[in-house]
Amino acid sequence: MFFCAISGEPPQEPVVSAKSGKVYERRLIVKYINENGTDPTTGDKLEESDLITIKASPENAAPRPPSATSIPALLHSLQNEWDALMLEMFALKQQYNSTRQELSYALYAQDAASRVVARLIRERDAAREALANVNASMGIAPTAPAEDVEMNEDAPAEEGLPKEIVSQIDETQASLSAQRKKRKPPADYVTAADVKTFTAKHTIPSLHSASPAGITSLAISHTNPDQFLTGGNDKVVQLYDRSTDKVLASLKGHQKKINHVAFREKEGQPTLLLSAGADKIAKIWSYDDASSEYIPKYTNRTHKGELTGLAVHPTSTIMALSSADKTYSLHDLSTFTQVFHSAPSDEAFSSLSVHPDGALLAVGTPSNTIQIYDIRAGAIAASLSPANGTPFTIPTLCFSENGYHLAAPVNASSLAIWDLRKQKAANTIDLGEDFKINKVVYDYSAQFIGVAGNTGARVLMNKSWEELVRFEEGGEMSDLAFAGLGKEIWGTTGREVRIWGLPA
């Protein structure tokens with residue numbers, strides 16, 4: 001039997017030095033040579049090529065360690081293993097008892113909380129009854145409370161839109177289509193040369209919670225351009241006034257992040273704040289004069305998957321929602337009722353946009369296909385797919401204001417402009433492999449298209465597709481919007497809302 005001259009142990013792979021004739025463990029002597037370059041016994045220069053492998057025949061099994069060469073030693077090892085096992089079982093029993101105790105405390109606390117809530121509800125009902133009795137004794141007619149209307153999953157889906165809703169859509173389409181064909185940008189609307197000079201004008205920092213941080217969606221008021229609505233990862237919807245730099249309302253009620261927000265602004269009717277979240281819920285808030293606060297007016301829970309799209313129909317009386325449950329739905333904003341819920345499609349819906357005339361609704365899918373529905377019939381009017389057919393989840397899409405085109409990404413960094421008249425891609429714009437598209441939006445005049453992504457935002461000229469300007473100050477941008485006759489561009493980066501515009 002050989003012993004390594006370095007370790008003194010029987011070697012697993014024995015080699016002999018041609019210089020000193022000593023036996024070594026290969027891994028040890030190779031490491032020594034790499035560090036010193038000499039034979040550890042004689043000090044002579046030694047290279048790995050000077051090592052000769054010893055091949056024993058037959059190969060002997062490695063000797064047992066001294067601790068396993070006798071029966072008493074083996075019994076001692078087994079005793080140690082048994083002791084370790086018993087100690088581990090004792091620790092597990094302690095953890096089990098501790099967990100049971102924590103669970104009993106939690107159940108007791110839950111029961112106590114339920115009893116408190118039940119008592120408070122009884123007291124509230126008694127107070128309402130007493131108030132009703134007082135009003136009756138004074139001759140005051142009771143008024144119906146403005147409560148949050150709930151629409152649950154088991155709400156029946158309509159087979160078709162009510163006739164009065166179809167009539168509204170037809171009238172709106174006829175009116176807007178006639179106006180659109182004659183419409184030209186206002187005389188003082190921003191030009192391409194102006195957009196090229198846009199610079200950072202204002203930053204509104206520290207919106208929403210720092211944990212989890214991030215603004216996910218943005219909407220700007222048309223009737224009061226200083227006010228805007230944001231949704232965040234913190235499950236909160238915020239209404240902010242830029243002129244006073246104050247949060248006007250922080251609206252809670254969602255259980256997961258907010259995916260989309262919107263204003264409903266219609267002359268002669270109250271402004272509504274709309275939101276759709278990853279918790280499958282859409283909510284609507286309205287200002288209450290009595291409490292001087294925004295209160296929930298409608299909560300929709302009919303979808304069984306994450307809400308991926310929210311849009312206000314051009315009639316201003318209908319809200320459209322799309323969901324990952326492969327359906328979309330329409331809701332009457334006058335009566336706060338669901339008026340249509342589509343039959344399940346073959347694929348989930350990942351994004352949504354409503355045509356500016358109001359007759360069509362487009363949804364993106366995870367297979368890189370855009371399905372365009374006739375809103376009135378609830379049937380597919382067209383299906384758009386790129387020629388290569390590579391699967392890609394379409395996160396955003398937008399109809400142009402002229403009604404002829406639809407912009408949507410065909411992969412993470414390329415944008416397709418679809419011609420709705422020919423039902424094919426008129427152009428595909430490559431934004432670079434390092435750019436990931438988050439949001440695409442047309443301006444009111446259909447002259448410009450804004451694209452928000454992981455490195456900021458870019459504004460392109462329609463038809464020529466010239467890149468007019470880039471905004472990269474805040475890093476990744478989740479949402480983008482044009483405002484004020486196109487003279488301002490708003491974007492959300494992290495917890496900030498940034499505004500770019502004409503230089504002072």
# chains A, B, ... in the order shown; residues from 1 in each chain; ligands from 1

$ closest_atom_pairs --of "stretch 468-489 of chain A" --to "stretch 182-199 of chain A" --cutoff "12 Å" --atoms "only C-alpha atoms" --output "Markdown table"
| residue | atom | partner | partner_atom | distance |
| --- | --- | --- | --- | --- |
| A:Leu468 | CA | A:Lys196 | CA | 5.2 |
| A:Val469 | CA | A:Lys196 | CA | 5.4 |
| A:Arg470 | CA | A:Lys196 | CA | 8.9 |
| A:Phe471 | CA | A:Thr199 | CA | 8.4 |
| A:Glu472 | CA | A:Thr199 | CA | 11.0 |
| A:Glu473 | CA | A:Thr199 | CA | 10.3 |
| A:Phe482 | CA | A:Val190 | CA | 10.8 |
| A:Ala483 | CA | A:Val190 | CA | 10.6 |
| A:Gly484 | CA | A:Tyr189 | CA | 8.8 |
| A:Leu485 | CA | A:Tyr189 | CA | 5.3 |
| A:Gly486 | CA | A:Val190 | CA | 5.5 |
| A:Lys487 | CA | A:Val190 | CA | 5.6 |
| A:Glu488 | CA | A:Phe198 | CA | 8.2 |
| A:Ile489 | CA | A:Phe198 | CA | 8.8 |

$ select_by_dssp --residues "stretch 71-235 of chain A" --states "strand (DSSP E or B)" --output "list in words"
Val149, Glu150, Met151, Thr199, Ala200, Lys201, His202, Thr203, Ile204, Ile215, Thr216, Ser217, Leu218, Ala219, Ile220, Gln227, Phe228, Leu229, Thr230, Gly231 and Gly232 of chain A

$ write_last_selection --atoms "N, CA, C and O atoms" --output "PDB file, in the first residue's frame"
ATOM      1  N   VAL A 149     -72.813  50.232  -6.213  1.00  0.00           N
ATOM      2  CA  VAL A 149     -73.517  49.130  -6.876  1.00  0.00           C
ATOM      3  C   VAL A 149     -72.514  48.044  -7.216  1.00  0.00           C
ATOM      4  O   VAL A 149     -71.487  48.300  -7.832  1.00  0.00           O
ATOM      5  N   GLU A 150     -72.806  46.829  -6.800  1.00  0.00           N
ATOM      6  CA  GLU A 150     -71.907  45.700  -7.041  1.00  0.00           C
ATOM      7  C   GLU A 150     -72.454  44.840  -8.169  1.00  0.00           C
ATOM      8  O   GLU A 150     -73.635  44.535  -8.231  1.00  0.00           O
ATOM      9  N   MET A 151     -71.579  44.430  -9.102  1.00  0.00           N
ATOM     10  CA  MET A 151     -71.933  43.488 -10.154  1.00  0.00           C
ATOM     11  C   MET A 151     -70.993  42.303 -10.011  1.00  0.00           C
ATOM     12  O   MET A 151     -69.780  42.430 -10.179  1.00  0.00           O
ATOM     13  N   THR A 199     -38.706  70.137 -24.339  1.00  0.00           N
ATOM     14  CA  THR A 199     -37.772  69.908 -23.239  1.00  0.00           C
ATOM     15  C   THR A 199     -38.567  69.620 -21.964  1.00  0.00           C
ATOM     16  O   THR A 199     -39.774  69.873 -21.899  1.00  0.00           O
ATOM     17  N   ALA A 200     -37.873  69.134 -20.950  1.00  0.00           N
ATOM     18  CA  ALA A 200     -38.526  68.843 -19.667  1.00  0.00           C
ATOM     19  C   ALA A 200     -39.009  70.144 -19.032  1.00  0.00           C
ATOM     20  O   ALA A 200     -38.249  71.102 -18.893  1.00  0.00           O
ATOM     21  N   LYS A 201     -40.300  70.185 -18.647  1.00  0.00           N
ATOM     22  CA  LYS A 201     -40.873  71.394 -18.061  1.00  0.00           C
ATOM     23  C   LYS A 201     -41.185  71.235 -16.574  1.00  0.00           C
ATOM     24  O   LYS A 201     -41.024  72.161 -15.798  1.00  0.00           O
ATOM     25  N   HIS A 202     -41.653  70.056 -16.189  1.00  0.00           N
ATOM     26  CA  HIS A 202     -42.114  69.901 -14.804  1.00  0.00           C
ATOM     27  C   HIS A 202     -42.065  68.422 -14.427  1.00  0.00           C
ATOM     28  O   HIS A 202     -42.309  67.549 -15.255  1.00  0.00           O
ATOM     29  N   THR A 203     -41.729  68.168 -13.171  1.00  0.00           N
ATOM     30  CA  THR A 203     -41.733  66.801 -12.640  1.00  0.00           C
ATOM     31  C   THR A 203     -42.493  66.786 -11.327  1.00  0.00           C
ATOM     32  O   THR A 203     -42.220  67.594 -10.435  1.00  0.00           O
ATOM     33  N   ILE A 204     -43.440  65.874 -11.228  1.00  0.00           N
ATOM     34  CA  ILE A 204     -44.223  65.724  -9.992  1.00  0.00           C
ATOM     35  C   ILE A 204     -43.741  64.440  -9.321  1.00  0.00           C
ATOM     36  O   ILE A 204     -44.038  63.337  -9.784  1.00  0.00           O
ATOM     37  N   ILE A 215     -45.818  53.834 -10.793  1.00  0.00           N
ATOM     38  CA  ILE A 215     -47.090  54.220 -11.401  1.00  0.00           C
ATOM     39  C   ILE A 215     -47.287  53.357 -12.640  1.00  0.00           C
ATOM     40  O   ILE A 215     -46.376  53.226 -13.460  1.00  0.00           O
ATOM     41  N   THR A 216     -48.468  52.802 -12.789  1.00  0.00           N
ATOM     42  CA  THR A 216     -48.732  51.880 -13.892  1.00  0.00           C
ATOM     43  C   THR A 216     -49.572  52.500 -14.998  1.00  0.00           C
ATOM     44  O   THR A 216     -49.547  52.006 -16.132  1.00  0.00           O
ATOM     45  N   SER A 217     -50.345  53.551 -14.695  1.00  0.00           N
ATOM     46  CA  SER A 217     -51.255  54.101 -15.693  1.00  0.00           C
ATOM     47  C   SER A 217     -51.504  55.583 -15.423  1.00  0.00           C
ATOM     48  O   SER A 217     -51.350  56.064 -14.298  1.00  0.00           O
ATOM     49  N   LEU A 218     -51.926  56.296 -16.492  1.00  0.00           N
ATOM     50  CA  LEU A 218     -52.083  57.750 -16.427  1.00  0.00           C
ATOM     51  C   LEU A 218     -53.266  58.178 -17.297  1.00  0.00           C
ATOM     52  O   LEU A 218     -53.477  57.636 -18.387  1.00  0.00           O
ATOM     53  N   ALA A 219     -54.052  59.137 -16.807  1.00  0.00           N
ATOM     54  CA  ALA A 219     -55.122  59.748 -17.600  1.00  0.00           C
ATOM     55  C   ALA A 219     -55.176  61.224 -17.260  1.00  0.00           C
ATOM     56  O   ALA A 219     -55.039  61.606 -16.095  1.00  0.00           O
ATOM     57  N   ILE A 220     -55.372  62.077 -18.276  1.00  0.00           N
ATOM     58  CA  ILE A 220     -55.409  63.533 -18.090  1.00  0.00           C
ATOM     59  C   ILE A 220     -56.825  64.025 -18.348  1.00  0.00           C
ATOM     60  O   ILE A 220     -57.479  63.618 -19.313  1.00  0.00           O
ATOM     61  N   GLN A 227     -55.625  68.629 -13.850  1.00  0.00           N
ATOM     62  CA  GLN A 227     -55.911  67.446 -13.043  1.00  0.00           C
ATOM     63  C   GLN A 227     -55.615  66.169 -13.835  1.00  0.00           C
ATOM     64  O   GLN A 227     -55.907  66.100 -15.029  1.00  0.00           O
ATOM     65  N   PHE A 228     -55.029  65.209 -13.158  1.00  0.00           N
ATOM     66  CA  PHE A 228     -54.744  63.931 -13.811  1.00  0.00           C
ATOM     67  C   PHE A 228     -54.936  62.794 -12.818  1.00  0.00           C
ATOM     68  O   PHE A 228     -54.934  62.990 -11.598  1.00  0.00           O
ATOM     69  N   LEU A 229     -55.112  61.620 -13.367  1.00  0.00           N
ATOM     70  CA  LEU A 229     -55.419  60.422 -12.597  1.00  0.00           C
ATOM     71  C   LEU A 229     -54.295  59.416 -12.811  1.00  0.00           C
ATOM     72  O   LEU A 229     -53.816  59.234 -13.939  1.00  0.00           O
ATOM     73  N   THR A 230     -53.844  58.770 -11.729  1.00  0.00           N
ATOM     74  CA  THR A 230     -52.809  57.747 -11.840  1.00  0.00           C
ATOM     75  C   THR A 230     -53.222  56.501 -11.072  1.00  0.00           C
ATOM     76  O   THR A 230     -53.904  56.575 -10.054  1.00  0.00           O
ATOM     77  N   GLY A 231     -52.786  55.360 -11.572  1.00  0.00           N
ATOM     78  CA  GLY A 231     -52.947  54.095 -10.862  1.00  0.00           C
ATOM     79  C   GLY A 231     -51.569  53.542 -10.558  1.00  0.00           C
ATOM     80  O   GLY A 231     -50.617  53.762 -11.310  1.00  0.00           O
ATOM     81  N   GLY A 232     -51.437  52.824  -9.432  1.00  0.00           N
ATOM     82  CA  GLY A 232     -50.112  52.367  -9.028  1.00  0.00           C
ATOM     83  C   GLY A 232     -50.049  50.909  -8.634  1.00  0.00           C
ATOM     84  O   GLY A 232     -51.074  50.222  -8.504  1.00  0.00           O
TER      85      GLY A 232
END

$ atom_distance --atom1 "atom CA of A:Val354" --atom2 "atom CA of A:Asn411"
21.7 Å

$ closest_residue --among "A:Asp357, A:Pro225, A:Thr38, A:Leu51" --to "A:Pro14" --atoms "only C-alpha atoms"
A:Leu51

$ atom_distance --atom1 "atom CA of A:Leu107" --atom2 "atom CA of A:Lys235"
27.4 Å

$ residues_around --residues "A:Ser353" --least-positions-apart "3" --cutoff "7 Å" --atoms "only C-alpha atoms" --output "MDAnalysis selection string"
chainID A and resid 311 361:363 397:399

$ atom_distance --atom1 "atom CA of A:Ser316" --atom2 "atom CA of A:Lys266"
6.2 Å

$ residues_around --residues "stretch 26-30 of chain A" --least-positions-apart "4" --cutoff "9 Å" --atoms "only C-alpha atoms" --output "MDAnalysis selection string"
chainID A and resid 6:7 11:16 34:35 39:40 47:48 51 53

$ write_last_selection --atoms "C-alpha atoms" --output "mmCIF file, in the first residue's frame"
data_model
loop_
_atom_site.group_PDB
_atom_site.id
_atom_site.type_symbol
_atom_site.label_atom_id
_atom_site.label_comp_id
_atom_site.auth_asym_id
_atom_site.auth_seq_id
_atom_site.Cartn_x
_atom_site.Cartn_y
_atom_site.Cartn_z
ATOM 1 C CA ILE A 6 2.292 15.173 1.331
ATOM 2 C CA SER A 7 -0.851 14.039 3.194
ATOM 3 C CA PRO A 11 -3.855 8.203 -2.377
ATOM 4 C CA GLN A 12 -7.017 7.843 -4.468
ATOM 5 C CA GLU A 13 -5.070 8.529 -7.690
ATOM 6 C CA PRO A 14 -1.406 7.743 -6.981
ATOM 7 C CA VAL A 15 1.406 9.202 -9.067
ATOM 8 C CA VAL A 16 5.190 8.936 -8.667
ATOM 9 C CA ASN A 34 1.174 25.029 -9.983
ATOM 10 C CA GLU A 35 2.059 27.106 -6.944
ATOM 11 C CA ASP A 39 9.283 18.642 -5.992
ATOM 12 C CA PRO A 40 8.144 19.030 -2.354
ATOM 13 C CA GLU A 47 6.449 19.722 -14.003
ATOM 14 C CA GLU A 48 3.157 17.857 -14.341
ATOM 15 C CA LEU A 51 4.426 12.634 -12.899
ATOM 16 C CA THR A 53 0.530 7.400 -12.908
#

$ residues_around --residues "A:Ala377" --least-positions-apart "6" --cutoff "12 Å" --atoms "only C-alpha atoms" --output "ChimeraX atom specification"
/A:158-163,165-166,169-170,340-343,359-361

$ write_last_selection --atoms "N, CA and C atoms" --output "PDB file, in the first residue's frame"
ATOM      1  N   GLU A 158     -75.540  39.524 -21.277  1.00  0.00           N
ATOM      2  CA  GLU A 158     -76.556  39.869 -22.253  1.00  0.00           C
ATOM      3  C   GLU A 158     -76.248  39.170 -23.572  1.00  0.00           C
ATOM      4  N   GLU A 159     -77.297  38.767 -24.286  1.00  0.00           N
ATOM      5  CA  GLU A 159     -77.103  38.139 -25.579  1.00  0.00           C
ATOM      6  C   GLU A 159     -76.818  39.192 -26.642  1.00  0.00           C
ATOM      7  N   GLY A 160     -77.223  40.408 -26.430  1.00  0.00           N
ATOM      8  CA  GLY A 160     -76.966  41.485 -27.367  1.00  0.00           C
ATOM      9  C   GLY A 160     -77.164  42.811 -26.663  1.00  0.00           C
ATOM     10  N   LEU A 161     -76.674  43.883 -27.288  1.00  0.00           N
ATOM     11  CA  LEU A 161     -76.821  45.198 -26.681  1.00  0.00           C
ATOM     12  C   LEU A 161     -78.281  45.645 -26.725  1.00  0.00           C
ATOM     13  N   PRO A 162     -78.752  46.325 -25.697  1.00  0.00           N
ATOM     14  CA  PRO A 162     -80.106  46.887 -25.737  1.00  0.00           C
ATOM     15  C   PRO A 162     -80.254  47.852 -26.920  1.00  0.00           C
ATOM     16  N   LYS A 163     -81.482  47.964 -27.431  1.00  0.00           N
ATOM     17  CA  LYS A 163     -81.721  48.778 -28.621  1.00  0.00           C
ATOM     18  C   LYS A 163     -81.355  50.238 -28.396  1.00  0.00           C
ATOM     19  N   ILE A 165     -78.995  51.404 -26.497  1.00  0.00           N
ATOM     20  CA  ILE A 165     -77.537  51.545 -26.541  1.00  0.00           C
ATOM     21  C   ILE A 165     -77.052  51.505 -27.984  1.00  0.00           C
ATOM     22  N   VAL A 166     -77.614  50.571 -28.781  1.00  0.00           N
ATOM     23  CA  VAL A 166     -77.246  50.486 -30.201  1.00  0.00           C
ATOM     24  C   VAL A 166     -77.586  51.790 -30.914  1.00  0.00           C
ATOM     25  N   ILE A 169     -74.968  54.372 -30.121  1.00  0.00           N
ATOM     26  CA  ILE A 169     -73.719  54.107 -30.849  1.00  0.00           C
ATOM     27  C   ILE A 169     -73.854  54.514 -32.306  1.00  0.00           C
ATOM     28  N   ASP A 170     -74.991  54.201 -32.931  1.00  0.00           N
ATOM     29  CA  ASP A 170     -75.198  54.567 -34.333  1.00  0.00           C
ATOM     30  C   ASP A 170     -75.196  56.081 -34.512  1.00  0.00           C
ATOM     31  N   PHE A 340     -73.523  44.266 -21.700  1.00  0.00           N
ATOM     32  CA  PHE A 340     -73.086  43.201 -22.613  1.00  0.00           C
ATOM     33  C   PHE A 340     -71.844  42.521 -22.049  1.00  0.00           C
ATOM     34  N   HIS A 341     -71.795  41.208 -22.180  1.00  0.00           N
ATOM     35  CA  HIS A 341     -70.607  40.422 -21.824  1.00  0.00           C
ATOM     36  C   HIS A 341     -70.403  39.407 -22.942  1.00  0.00           C
ATOM     37  N   SER A 342     -69.279  39.496 -23.620  1.00  0.00           N
ATOM     38  CA  SER A 342     -69.061  38.662 -24.798  1.00  0.00           C
ATOM     39  C   SER A 342     -68.912  37.194 -24.434  1.00  0.00           C
ATOM     40  N   ALA A 343     -69.157  36.351 -25.421  1.00  0.00           N
ATOM     41  CA  ALA A 343     -68.883  34.926 -25.256  1.00  0.00           C
ATOM     42  C   ALA A 343     -67.371  34.730 -25.210  1.00  0.00           C
ATOM     43  N   ALA A 359     -67.793  52.428 -33.349  1.00  0.00           N
ATOM     44  CA  ALA A 359     -68.453  51.230 -33.860  1.00  0.00           C
ATOM     45  C   ALA A 359     -67.596  49.983 -33.712  1.00  0.00           C
ATOM     46  N   LEU A 360     -66.299  50.152 -33.534  1.00  0.00           N
ATOM     47  CA  LEU A 360     -65.386  49.011 -33.477  1.00  0.00           C
ATOM     48  C   LEU A 360     -64.636  48.997 -32.161  1.00  0.00           C
ATOM     49  N   LEU A 361     -64.261  47.789 -31.760  1.00  0.00           N
ATOM     50  CA  LEU A 361     -63.464  47.582 -30.547  1.00  0.00           C
ATOM     51  C   LEU A 361     -62.368  46.576 -30.885  1.00  0.00           C
TER      52      LEU A 361
END

$ closest_residue --among "A:Thr271, A:Gln423, A:Ser350, A:Ser334" --to "A:Ser383" --atoms "only C-alpha atoms"
A:Gln423

$ residues_around --residues "A:Ile437" --least-positions-apart "5" --cutoff "12 Å" --atoms "only C-alpha atoms" --output "PyMOL selection string"
chain A and resi 393-397+407-416+429-432+450-458+476-480
